[in-house]
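**Student:** Input target_12.cif, format and content: mmCIF, C-alpha atoms (C1' of nucleotides).
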```cif
data_work
#
loop_
_atom_site.label_atom_id
_atom_site.label_comp_id
_atom_site.auth_asym_id
_atom_site.auth_seq_id
_atom_site.Cartn_x
_atom_site.Cartn_y
_atom_site.Cartn_z
CA MET A 1 20.42 136.66 10.31
CA ALA A 2 20.48 135.43 6.77
CA ARG A 3 17.25 136.41 5.27
CA HIS A 4 17.44 137.00 1.63
CA PRO A 5 17.52 140.67 0.81
CA HIS A 6 15.34 140.20 -2.20
CA ARG A 7 11.92 139.89 -0.78
CA ALA A 8 12.92 141.60 2.39
CA THR A 9 10.02 143.89 2.96
CA SER A 10 7.23 141.51 2.29
CA SER A 11 8.43 138.30 3.87
CA SER A 12 10.61 139.78 6.60
CA PRO A 13 8.51 139.27 9.68
CA ARG A 14 9.12 142.50 11.53
CA PRO A 15 11.51 145.11 10.31
CA ALA A 16 10.92 147.11 13.47
CA GLU A 17 12.06 144.28 15.65
CA ALA A 18 15.08 143.53 13.53
CA ALA A 19 16.00 147.18 13.45
CA PHE A 20 15.88 147.32 17.19
CA ARG A 21 18.01 144.24 17.52
CA GLU A 22 20.63 145.46 15.12
CA PHE A 23 20.57 148.79 16.74
CA TRP A 24 21.36 147.29 20.07
CA ARG A 25 24.15 145.39 18.42
CA VAL A 26 25.72 148.46 16.88
CA THR A 27 25.50 150.13 20.23
CA GLY A 28 27.86 147.58 21.70
CA LEU A 29 30.13 147.62 18.70
CA LEU A 30 30.38 151.36 18.81
CA ARG A 31 31.52 151.33 22.40
CA ARG A 32 34.07 148.70 21.64
CA VAL A 33 35.54 150.80 18.87
CA ALA A 34 35.36 154.10 20.68
CA GLU A 35 36.89 152.93 23.91
CA PRO A 36 40.32 151.94 22.58
CA HIS A 37 40.36 154.98 20.35
CA PHE A 38 39.97 157.44 23.17
CA ALA A 39 42.19 155.35 25.37
CA ARG A 40 45.03 156.34 23.10
CA PHE A 41 44.61 159.83 24.49
CA GLY A 42 44.27 158.59 28.01
CA ILE A 43 40.53 159.20 28.30
CA SER A 44 37.25 157.32 27.92
CA PRO A 45 34.33 158.10 25.63
CA ALA A 46 32.29 159.51 28.47
CA GLN A 47 35.17 161.72 29.51
CA TRP A 48 35.52 162.89 25.94
CA GLY A 49 31.88 163.85 26.00
CA VAL A 50 32.50 166.14 28.93
CA LEU A 51 35.70 167.62 27.55
CA ARG A 52 34.18 168.32 24.18
CA ALA A 53 31.13 169.95 25.74
CA LEU A 54 33.36 172.20 27.82
CA SER A 55 35.52 173.05 24.87
CA ARG A 56 32.55 173.96 22.75
CA ARG A 57 31.11 176.19 25.37
CA GLU A 58 34.42 177.84 25.83
CA SER A 59 34.92 178.65 22.21
CA ALA A 60 31.35 179.87 22.01
CA GLY A 61 32.23 182.34 24.73
CA ASP A 62 29.64 180.97 27.14
CA ALA A 63 30.09 180.76 30.85
CA PRO A 64 31.32 177.47 32.29
CA PRO A 65 28.40 175.12 32.83
CA ARG A 66 27.20 173.74 36.11
CA LEU A 67 27.17 170.02 36.68
CA THR A 68 23.45 169.91 36.05
CA ASP A 69 23.93 171.64 32.72
CA LEU A 70 26.46 169.05 31.73
CA GLY A 71 24.03 166.36 32.70
CA SER A 72 21.29 167.62 30.46
CA LEU A 73 23.70 168.20 27.61
CA LEU A 74 24.96 164.66 27.77
CA LEU A 75 21.68 163.08 28.80
CA VAL A 76 23.07 161.50 31.95
CA ARG A 77 21.98 161.74 35.54
CA PRO A 78 23.63 163.69 38.32
CA PRO A 79 25.51 160.80 39.93
CA THR A 80 27.09 159.96 36.62
CA VAL A 81 28.22 163.52 36.12
CA THR A 82 29.71 163.58 39.58
CA GLY A 83 31.68 160.46 38.83
CA VAL A 84 33.04 161.41 35.43
CA VAL A 85 33.83 164.97 36.42
CA GLY A 86 35.48 163.76 39.59
CA ARG A 87 37.81 161.49 37.67
CA LEU A 88 38.62 164.18 35.14
CA GLU A 89 39.40 166.52 37.97
CA ARG A 90 41.71 164.01 39.56
CA MET A 91 43.46 163.67 36.21
CA GLY A 92 43.90 167.42 36.13
CA LEU A 93 41.93 167.95 32.92
CA LEU A 94 39.30 170.18 34.44
CA ALA A 95 38.58 172.14 37.59
CA ARG A 96 35.51 172.64 39.72
CA THR A 97 34.89 176.23 40.71
CA THR A 98 32.27 177.73 42.99
CA PRO A 99 30.91 180.81 41.34
CA GLY A 100 29.66 183.76 43.35
CA GLY A 101 25.91 183.49 43.22
CA ASP A 102 24.51 180.12 44.12
CA GLN A 103 26.47 178.47 46.84
CA ARG A 104 25.34 174.94 46.13
CA SER A 105 26.24 174.80 42.45
CA ARG A 106 29.65 174.08 41.06
CA CYS A 107 30.89 175.19 37.69
CA VAL A 108 33.32 173.22 35.62
CA CYS A 109 36.00 174.51 33.29
CA LEU A 110 38.93 173.07 31.39
CA THR A 111 42.49 173.31 32.55
CA ASP A 112 45.29 173.97 30.10
CA GLU A 113 46.08 170.30 30.20
CA GLY A 114 42.47 169.60 29.38
CA ARG A 115 42.53 171.93 26.41
CA ARG A 116 45.65 170.24 25.22
CA VAL A 117 43.95 166.85 25.20
CA VAL A 118 40.88 168.20 23.42
CA LYS A 119 43.13 169.62 20.76
CA GLN A 120 44.89 166.33 20.31
CA VAL A 121 41.67 164.41 19.97
CA LEU A 122 40.14 166.92 17.62
CA ALA A 123 43.17 166.77 15.40
CA ARG A 124 42.43 163.13 14.70
CA HIS A 125 38.71 163.28 14.97
CA PRO A 126 37.55 163.85 11.39
CA ARG A 127 39.80 161.11 10.20
CA TRP A 128 38.62 158.66 12.82
CA ILE A 129 34.98 159.44 12.30
CA GLY A 130 35.47 159.15 8.60
CA GLN A 131 36.90 155.72 9.07
CA LEU A 132 34.01 154.68 11.27
CA MET A 133 31.35 155.89 8.91
CA ALA A 134 33.10 154.76 5.77
CA GLY A 135 30.65 151.89 5.53
CA LEU A 136 28.05 154.35 4.31
CA THR A 137 28.27 156.63 1.33
CA ALA A 138 27.85 160.34 1.88
CA PRO A 139 24.16 160.39 0.95
CA GLU A 140 23.58 157.36 3.11
CA GLN A 141 25.23 159.11 6.02
CA ALA A 142 22.92 162.03 5.53
CA GLU A 143 19.90 159.76 5.44
CA PHE A 144 21.16 157.89 8.46
CA LEU A 145 21.52 161.16 10.31
CA ARG A 146 18.00 162.13 9.38
CA LEU A 147 16.58 158.85 10.64
CA LEU A 148 18.59 159.07 13.84
CA ARG A 149 17.19 162.52 14.50
CA ARG A 150 13.70 161.28 14.01
CA MET A 151 14.38 158.42 16.38
CA ILE A 152 15.66 160.85 18.97
CA ALA A 153 12.69 163.12 18.58
CA HIS A 154 10.40 160.18 19.13
CA VAL A 155 12.25 158.33 21.87
CA GLU A 156 13.38 161.21 24.00
CA PRO A 157 9.90 161.98 25.33
CA LEU A 158 9.39 158.28 25.98
CA ALA A 159 12.56 158.18 28.05
CA GLU A 160 11.52 161.18 30.03
CA ARG A 161 8.15 159.74 30.69
CA MET A 162 9.76 156.70 32.23
CA ASP A 163 11.47 158.94 34.72
CA GLY A 164 8.78 159.20 37.29
CA GLN A 165 7.40 155.69 37.30
CA GLY A 166 7.61 151.97 36.87
CA PRO A 167 10.11 150.60 39.42
CA ALA A 168 8.89 147.09 38.86
CA ALA A 169 9.40 143.53 39.98
CA ASP A 170 12.14 142.61 42.36
CA ARG A 171 13.25 139.30 41.05
CA THR A 172 16.61 139.28 42.73
CA ARG A 173 15.64 136.48 44.99
CA ALA A 174 12.05 136.18 44.03
CA GLY A 175 10.36 132.89 44.46
CA PRO A 176 8.70 131.06 41.59
CA GLY A 177 5.94 133.60 41.46
CA GLY A 178 8.20 136.59 41.34
CA VAL A 179 6.97 138.24 38.26
CA LYS A 180 3.39 138.86 38.97
CA LYS A 181 4.29 141.70 41.24
CA THR A 182 3.99 143.75 38.10
CA GLY A 183 0.29 143.29 38.62
CA GLY A 184 -1.84 146.33 39.24
CA GLY A 185 -0.81 148.82 36.63
CA VAL A 186 0.06 146.34 34.01
CA ASP A 187 -0.69 148.61 31.17
CA VAL A 188 2.14 151.04 31.53
CA THR A 189 2.67 150.62 27.84
CA SER A 190 -0.72 152.18 27.43
CA ALA A 191 -1.81 152.61 23.86
CA MET B 1 37.21 152.04 1.83
CA ALA B 2 37.81 155.70 2.62
CA ARG B 3 38.67 156.79 -0.83
CA HIS B 4 36.37 159.72 -1.18
CA PRO B 5 38.21 163.01 -1.29
CA HIS B 6 34.76 164.44 -1.28
CA ARG B 7 35.39 167.83 0.16
CA ALA B 8 31.92 168.98 -0.62
CA THR B 9 31.01 168.03 2.92
CA SER B 10 33.84 169.84 4.59
CA SER B 11 32.21 173.22 4.67
CA SER B 12 28.86 171.97 5.92
CA PRO B 13 28.38 170.72 9.47
CA ARG B 14 29.92 167.33 8.67
CA PRO B 15 27.21 164.72 8.41
CA ALA B 16 29.52 161.92 9.44
CA GLU B 17 30.46 163.59 12.65
CA ALA B 18 26.92 164.63 13.40
CA ALA B 19 25.69 161.15 12.66
CA PHE B 20 28.17 159.73 15.09
CA ARG B 21 27.20 162.18 17.78
CA GLU B 22 23.52 161.55 17.38
CA PHE B 23 24.15 157.89 17.31
CA TRP B 24 25.90 158.05 20.62
CA ARG B 25 23.00 160.02 21.93
CA VAL B 26 20.41 157.49 20.85
CA THR B 27 22.51 154.80 22.41
CA GLY B 28 22.01 156.34 25.80
CA LEU B 29 18.35 157.01 25.18
CA LEU B 30 17.76 153.48 24.11
CA ARG B 31 19.23 152.10 27.28
CA ARG B 32 17.14 154.44 29.33
CA VAL B 33 14.01 153.24 27.66
CA ALA B 34 14.88 149.56 27.59
CA GLU B 35 15.97 149.29 31.18
CA PRO B 36 12.68 150.14 32.85
CA HIS B 37 10.80 148.12 30.29
CA PHE B 38 12.61 144.91 31.05
CA ALA B 39 12.67 145.75 34.73
CA ARG B 40 8.92 145.21 34.69
CA PHE B 41 9.69 141.56 34.08
CA GLY B 42 12.39 141.50 36.69
CA ILE B 43 15.29 141.38 34.25
CA SER B 44 17.74 143.72 32.55
CA PRO B 45 18.34 144.25 28.84
CA ALA B 46 21.53 142.25 28.94
CA GLN B 47 19.75 139.43 30.69
CA TRP B 48 17.04 139.55 28.09
CA GLY B 49 19.69 139.17 25.46
CA VAL B 50 20.84 135.94 27.01
CA LEU B 51 17.36 134.59 27.61
CA ARG B 52 16.25 135.34 24.09
CA ALA B 53 19.33 133.73 22.61
CA LEU B 54 18.73 130.60 24.64
CA SER B 55 15.09 130.51 23.73
CA ARG B 56 15.82 130.86 20.06
CA ARG B 57 18.35 128.11 20.09
CA GLU B 58 15.96 125.94 21.93
CA SER B 59 13.13 126.37 19.50
CA ALA B 60 15.54 125.83 16.63
CA GLY B 61 16.32 122.49 18.17
CA ASP B 62 19.99 123.30 18.64
CA ALA B 63 22.10 122.13 21.52
CA PRO B 64 22.49 124.49 24.47
CA PRO B 65 25.34 126.90 23.82
CA ARG B 66 28.53 127.20 25.76
CA LEU B 67 29.38 130.45 27.47
CA THR B 68 31.77 131.33 24.69
CA ASP B 69 29.05 130.82 22.12
CA LEU B 70 26.82 133.16 24.01
CA GLY B 71 29.61 135.69 24.08
CA SER B 72 30.06 135.72 20.35
CA LEU B 73 26.33 135.79 19.74
CA LEU B 74 25.90 138.82 21.94
CA LEU B 75 29.23 140.40 21.07
CA VAL B 76 30.42 140.57 24.64
CA ARG B 77 33.54 139.27 26.31
CA PRO B 78 33.93 136.32 28.60
CA PRO B 79 33.90 138.18 31.91
CA THR B 80 30.64 139.82 30.97
CA VAL B 81 29.06 136.52 30.09
CA THR B 82 30.17 135.05 33.36
CA GLY B 83 28.56 137.90 35.22
CA VAL B 84 25.24 137.98 33.44
CA VAL B 85 24.84 134.21 33.36
CA GLY B 86 25.78 134.01 37.01
CA ARG B 87 23.07 136.44 37.99
CA LEU B 88 20.50 134.69 35.83
CA GLU B 89 21.46 131.42 37.43
CA ARG B 90 21.06 132.86 40.89
CA MET B 91 17.64 134.07 39.84
CA GLY B 92 16.78 130.58 38.74
CA LEU B 93 16.11 131.48 35.11
CA LEU B 94 18.81 129.27 33.65
CA ALA B 95 21.13 126.47 34.63
CA ARG B 96 24.74 125.71 33.93
CA THR B 97 25.39 122.14 32.91
CA THR B 98 28.62 120.34 32.23
CA PRO B 99 28.22 118.25 29.13
CA GLY B 100 30.08 115.06 28.57
CA GLY B 101 32.89 115.92 26.23
CA ASP B 102 34.95 118.91 27.15
CA GLN B 103 35.41 119.21 30.83
CA ARG B 104 36.27 122.86 30.90
CA SER B 105 33.25 124.16 29.05
CA ARG B 106 29.86 124.80 30.54
CA CYS B 107 26.60 124.77 28.67
CA VAL B 108 23.69 126.95 29.54
CA CYS B 109 20.01 126.18 29.22
CA LEU B 110 16.75 127.72 30.31
CA THR B 111 14.80 126.57 33.30
CA ASP B 112 11.02 126.39 33.20
CA GLU B 113 10.95 129.63 35.08
CA GLY B 114 13.22 131.13 32.47
CA ARG B 115 10.95 129.99 29.68
CA ARG B 116 8.05 131.52 31.48
CA VAL B 117 9.74 134.89 31.60
CA VAL B 118 10.71 134.73 27.95
CA LYS B 119 7.12 134.02 27.09
CA GLN B 120 5.91 136.95 29.10
CA VAL B 121 8.37 139.32 27.50
CA LEU B 122 7.66 138.06 24.01
CA ALA B 123 3.97 138.52 24.54
CA ARG B 124 4.51 142.23 24.90
CA HIS B 125 7.45 142.56 22.61
CA PRO B 126 5.93 143.47 19.26
CA ARG B 127 3.83 146.09 20.90
CA TRP B 128 6.72 147.61 22.78
CA ILE B 129 9.03 147.60 19.80
CA GLY B 130 6.28 149.09 17.71
CA GLN B 131 5.97 151.90 20.17
CA LEU B 132 9.70 152.51 20.16
CA MET B 133 10.00 152.58 16.43
CA ALA B 134 6.82 154.49 15.84
CA GLY B 135 8.88 157.56 15.06
CA LEU B 136 9.73 156.04 11.70
CA THR B 137 7.35 154.93 9.00
CA ALA B 138 7.54 151.35 7.81
CA PRO B 139 9.69 152.14 4.76
CA GLU B 140 11.94 154.27 6.93
CA GLN B 141 12.32 151.41 9.36
CA ALA B 142 13.36 149.18 6.52
CA GLU B 143 15.88 151.72 5.31
CA PHE B 144 17.12 152.24 8.83
CA LEU B 145 17.61 148.51 9.18
CA ARG B 146 19.53 148.40 5.93
CA LEU B 147 21.85 151.20 7.02
CA LEU B 148 22.38 149.61 10.40
CA ARG B 149 23.38 146.37 8.77
CA ARG B 150 25.87 148.15 6.60
CA MET B 151 27.25 149.88 9.66
CA ILE B 152 27.63 146.56 11.41
CA ALA B 153 29.31 144.99 8.44
CA HIS B 154 31.78 147.83 8.35
CA VAL B 155 32.41 148.36 12.05
CA GLU B 156 32.56 144.79 13.24
CA PRO B 157 35.91 144.07 11.60
CA LEU B 158 37.23 147.33 12.99
CA ALA B 159 36.21 146.32 16.48
CA GLU B 160 37.84 142.97 16.11
CA ARG B 161 40.99 144.51 14.82
CA MET B 162 41.22 146.60 17.94
CA ASP B 163 41.26 143.44 19.96
CA GLY B 164 44.89 142.59 19.81
CA GLN B 165 46.43 145.99 20.14
CA GLY B 166 46.58 149.56 21.29
CA PRO B 167 46.43 149.58 25.10
CA ALA B 168 47.63 153.15 25.18
CA ALA B 169 48.36 155.96 27.54
CA ASP B 170 47.98 155.55 31.25
CA ARG B 171 46.82 158.96 32.22
CA THR B 172 45.43 157.99 35.58
CA ARG B 173 48.18 159.74 37.36
CA ALA B 174 50.26 160.65 34.38
CA GLY B 175 52.46 163.66 34.57
CA PRO B 176 52.11 166.53 32.13
CA GLY B 177 53.55 164.45 29.37
CA GLY B 178 51.20 161.54 29.79
CA VAL B 179 49.86 161.21 26.33
CA LYS B 180 52.89 160.76 24.21
CA LYS B 181 53.31 157.22 25.39
CA THR B 182 51.25 156.36 22.35
CA GLY B 183 54.46 157.03 20.48
CA GLY B 184 55.87 154.32 18.30
CA GLY B 185 52.97 153.08 16.25
CA VAL B 186 51.11 156.29 16.05
CA ASP B 187 49.40 155.33 12.89
CA VAL B 188 47.10 152.69 14.20
CA THR B 189 44.47 154.37 12.13
CA SER B 190 46.58 153.31 9.19
CA ALA B 191 45.32 154.41 5.83
"C1'" DG C 1 11.17 185.61 60.62
"C1'" DC C 2 10.42 180.72 60.24
"C1'" DG C 3 8.84 176.41 58.09
"C1'" DT C 4 8.32 173.98 53.86
"C1'" DT C 5 9.51 172.78 49.46
"C1'" DT C 6 12.66 172.64 45.49
"C1'" DT C 7 17.02 172.34 43.60
"C1'" DA C 8 22.27 171.08 43.29
"C1'" DG C 9 25.28 167.87 44.17
"C1'" DT C 10 27.09 163.88 46.62
"C1'" DT C 11 27.18 159.15 48.46
"C1'" DA C 12 26.15 154.18 48.54
"C1'" DG C 13 25.16 150.23 46.16
"C1'" DC C 14 24.00 147.58 41.93
"C1'" DA C 15 24.50 145.94 36.85
"C1'" DA C 16 27.18 145.55 32.77
"C1'" DG C 17 31.02 146.28 30.06
"C1'" DC C 18 36.07 145.84 29.74
"C1'" DG C 19 41.36 144.15 30.26
"C1'" DA C 20 44.64 141.53 32.80
"C1'" DA C 21 45.84 137.58 35.08
"C1'" DC C 22 44.90 133.01 36.35
"C1'" DG C 23 43.70 127.69 36.92
"C1'" DA C 24 42.18 123.83 34.59
"C1'" DA C 25 41.44 121.10 30.86
"C1'" DC C 26 42.58 120.02 26.17
"C1'" DC C 27 45.72 119.53 22.16
"C1'" DT C 28 50.32 119.15 19.85
"C1'" DT C 29 54.67 117.86 19.51
"C1'" DC C 30 58.36 115.71 20.57
"C1'" DG D 1 54.33 109.98 28.18
"C1'" DA D 2 56.01 114.70 29.35
"C1'" DA D 3 56.48 119.71 27.73
"C1'" DG D 4 54.52 123.51 25.81
"C1'" DG D 5 50.84 125.98 24.01
"C1'" DT D 6 45.78 126.98 23.35
"C1'" DT D 7 41.19 127.43 24.85
"C1'" DC D 8 37.32 127.93 28.44
"C1'" DG D 9 35.87 130.05 32.11
"C1'" DT D 10 36.55 132.66 36.33
"C1'" DT D 11 38.18 136.40 39.37
"C1'" DC D 12 39.92 141.10 40.21
"C1'" DG D 13 39.70 145.83 39.62
"C1'" DC D 14 38.17 149.57 36.85
"C1'" DT D 15 34.61 152.95 34.42
"C1'" DT D 16 29.98 154.22 33.44
"C1'" DG D 17 25.29 154.11 33.90
"C1'" DC D 18 21.34 153.88 37.11
"C1'" DT D 19 18.17 154.48 41.66
"C1'" DA D 20 17.53 155.71 46.27
"C1'" DA D 21 18.72 158.32 49.99
"C1'" DC D 22 20.96 162.14 51.77
"C1'" DT D 23 22.98 167.14 52.79
"C1'" DA D 24 23.06 171.89 51.98
"C1'" DA D 25 21.64 175.91 49.99
"C1'" DA D 26 17.97 178.62 47.84
"C1'" DA D 27 13.28 179.91 47.18
"C1'" DC D 28 8.69 180.19 48.50
"C1'" DG D 29 4.61 180.95 51.86
"C1'" DC D 30 2.72 182.69 55.55
#
```
Mind turning the file's structure into structure tokens?

**Tutor:**
Amino acid sequence: MARHPHRATSSSPRPAEAAFREFWRVTGLLRRVAEPHFARFGISPAQWGVLRALSRRESAGDAPPRLTDLGSLLLVRPPTVTGVVGRLERMGLLARTTPGGDQRSRCVCLTDEGRRVVKQVLARHPRWIGQLMAGLTAPEQAEFLRLLRRMIAHVEPLAERMDGQGPAADRTRAGPGGVKKTGGGVDVTSA
Amino acid sequence: MARHPHRATSSSPRPAEAAFREFWRVTGLLRRVAEPHFARFGISPAQWGVLRALSRRESAGDAPPRLTDLGSLLLVRPPTVTGVVGRLERMGLLARTTPGGDQRSRCVCLTDEGRRVVKQVLARHPRWIGQLMAGLTAPEQAEFLRLLRRMIAHVEPLAERMDGQGPAADRTRAGPGGVKKTGGGVDVTSA
DNA sequence: GCGTTTTAGTTAGCAAGCGAACGAACCTTC
DNA sequence: GAAGGTTCGTTCGCTTGCTAACTAAAACGC
């Protein structure tokens, strides 16, 4: 790290690269802080994501979401939803129901126990978040939020684009020449 | 730290909370973009982290790091290091060596094949990063970097503090009263 | 009505993160 | 030198994310 803040912009080789690196770093840190926090309520961050989404929908008066809806809300894929919801169901915090219309979709709603947990977490939430973000002043937080939103707006389409393509090299037990399998359509990065 | 009784924010949609939420969101997005990218070289983001760290140390002329060193560089725990390094070793991208002195530590260094991969990734790196961060202008990137660093500086001690304590409720098959096991030292959040 | 395609969700299998528990080597202290 | 503790790394078992492959129901096409 250690690069003097003074002449940062001019001499610093690549702010973009550094930003990415630090970002990745914070990602890990964040998980490591969030995990024990939610563990105190007996849940994981991912489970909290589901519970909070359900709770919000409930208080908004909306119908219980299907698994697919949850997936797009939380930006995770169907198998992940199945897993997390399954565990929450086993814990008794939510219930799968099969609504009338479509016979292949399942809806998910909170149990009383689930609502109880949400309440408990929410009671501490502002305080906890405040603690987490206390490294930034209020205006900085606002700016941070703005930048994050711009990042999302830019990256989300990129992520979606990756969906359909680019399975790539199978190094697992590739010989010395393993990599070049990328050949052919090298320029996925395009312009 | 949290000394701002700033209730101006309370009525608005809470920037701190929103920032946290969006941050979590970008975290997922970032993984989804990085994974297929590195897959094109036959590796994963975590593996890239290790390879890059080794490469840097090498070109700085430093001695090959021990597994523990890698762990603290990458902010991951020993079992994770074991796993990632093990897979990289099986792929033939790095080698474990047992240096003279301490018989219980292992050092890790790149193989030629590993160096080759690093080179390939680096060749594309600026371009890829540029694409990722293209949602922000150069000054915004610099500001983003600055905020990230402040976040790290603030959160890292928090994460470390969590290390020794707070295992928490075992909901897995907890009865209706599962949560209160947190009892006793409720105020881990302290003040 | 029947065949095809699309959509919802699950399953299997892998990587990466963690905590807990452990063996082995090292260090400290008597 | 032996006892006790610390440190390094591994293994086990778990959650969460993914892809690929699959089933079942719905929707479309003719």

**Student:** On this structure, the PyMOL selection byres ((chain D) within 8 of (chain B)) would catch which residues? List them as a ChimeraX atom specification, sorted by chain and number.

**Tutor:** /D:8-10

**Student:** Go through the shown structure with the PyMOL selection byres ((chain D and resi 15) around 9) and write out the matching residues as a VMD selection string.

**Tutor:** (chain A and resid 44 84) or (chain C and resid 17 to 18) or (chain D and resid 14 16)

**Student:** Could you tell me how far atom CA of B:Ala18 lies from atom CA of A:Trp24, in Å and to one decimal?

**Tutor:** 19.4 Å

**Student:** Put a box with edges along x, y and z around all the listed atoms of stretch 110-119 of chain B, pad it by 3 Å on each side, then give me its centre and sizes in Å, one decimal, as JSON.

**Tutor:**
```
{"center_x": 11.9, "center_y": 130.6, "center_z": 31.1, "size_x": 15.6, "size_y": 14.5, "size_z": 14.0}
```

**Student:** Residues of chain C were defined as contacting chain A if any atom lay at most 12 Å from it, counting all atoms listed in the file; please report them as a short mmCIF file (atom, residue, chain, number, x, y, z; two decimals) with C-alpha atoms (C1' of nucleotides), in the frame of the given file.

**Tutor:**
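File result_4.cif, as written:
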```
data_model
loop_
_atom_site.label_atom_id
_atom_site.label_comp_id
_atom_site.auth_asym_id
_atom_site.auth_seq_id
_atom_site.Cartn_x
_atom_site.Cartn_y
_atom_site.Cartn_z
"C1'" DT C 7 17.02 172.34 43.60
"C1'" DA C 8 22.27 171.08 43.29
"C1'" DG C 9 25.28 167.87 44.17
"C1'" DT C 10 27.09 163.88 46.62
"C1'" DT C 11 27.18 159.15 48.46
"C1'" DA C 12 26.15 154.18 48.54
"C1'" DC C 14 24.00 147.58 41.93
"C1'" DA C 15 24.50 145.94 36.85
"C1'" DA C 16 27.18 145.55 32.77
"C1'" DG C 17 31.02 146.28 30.06
"C1'" DC C 18 36.07 145.84 29.74
"C1'" DG C 19 41.36 144.15 30.26
#
```

**Student:** Have a look at B:Pro15, B:Pro65, B:Pro45, B:Gly114 and name the one nearest to chain A; count only C-alpha atoms.

**Tutor:**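 The answer is B:Pro15, which sits nearest to chain A.
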
**Student:** For stretch 93-110 of chain A, where the input has fewer atoms than it should, I would like N, CA and C atoms rebuilt and written as a compact mmCIF listing (two decimals), in the coordinates of the input.

**Tutor:**
```txt
# COMPACT_ATOMS: atom_id res chain seq x y z
N LEU A 93 42.38 167.44 34.22
CA LEU A 93 41.93 167.95 32.92
C LEU A 93 40.86 169.02 33.06
N LEU A 94 40.25 169.10 34.22
CA LEU A 94 39.30 170.18 34.44
C LEU A 94 39.31 170.56 35.90
N ALA A 95 38.61 171.65 36.21
CA ALA A 95 38.58 172.14 37.59
C ALA A 95 37.17 172.53 37.97
N ARG A 96 36.79 172.18 39.19
CA ARG A 96 35.51 172.64 39.72
C ARG A 96 35.73 174.01 40.35
N THR A 97 34.81 174.92 40.07
CA THR A 97 34.89 176.23 40.71
C THR A 97 33.54 176.54 41.33
N THR A 98 33.54 177.33 42.37
CA THR A 98 32.27 177.73 42.99
C THR A 98 32.05 179.20 42.71
N PRO A 99 31.15 179.43 41.76
CA PRO A 99 30.91 180.81 41.34
C PRO A 99 30.23 181.59 42.45
N GLY A 100 30.18 182.89 42.30
CA GLY A 100 29.66 183.76 43.35
C GLY A 100 28.26 183.43 43.80
N GLY A 101 27.33 183.51 42.88
CA GLY A 101 25.91 183.49 43.22
C GLY A 101 25.44 182.32 44.08
N ASP A 102 25.13 181.25 43.43
CA ASP A 102 24.51 180.12 44.12
C ASP A 102 25.58 179.28 44.82
N GLN A 103 25.42 179.11 46.09
CA GLN A 103 26.47 178.47 46.84
C GLN A 103 26.45 176.95 46.74
N ARG A 104 25.39 176.40 46.20
CA ARG A 104 25.34 174.94 46.13
C ARG A 104 25.68 174.42 44.73
N SER A 105 25.90 175.28 43.80
CA SER A 105 26.24 174.80 42.45
C SER A 105 27.74 174.95 42.20
N ARG A 106 28.24 174.04 41.44
CA ARG A 106 29.65 174.08 41.06
C ARG A 106 29.74 174.25 39.55
N CYS A 107 30.65 175.07 39.12
CA CYS A 107 30.89 175.19 37.69
C CYS A 107 32.16 174.44 37.33
N VAL A 108 32.22 174.06 36.08
CA VAL A 108 33.32 173.22 35.62
C VAL A 108 34.00 173.88 34.43
N CYS A 109 35.30 173.99 34.47
CA CYS A 109 36.00 174.51 33.29
C CYS A 109 37.29 173.74 33.03
N LEU A 110 37.73 173.80 31.80
CA LEU A 110 38.93 173.07 31.39
C LEU A 110 40.18 173.67 32.00
```
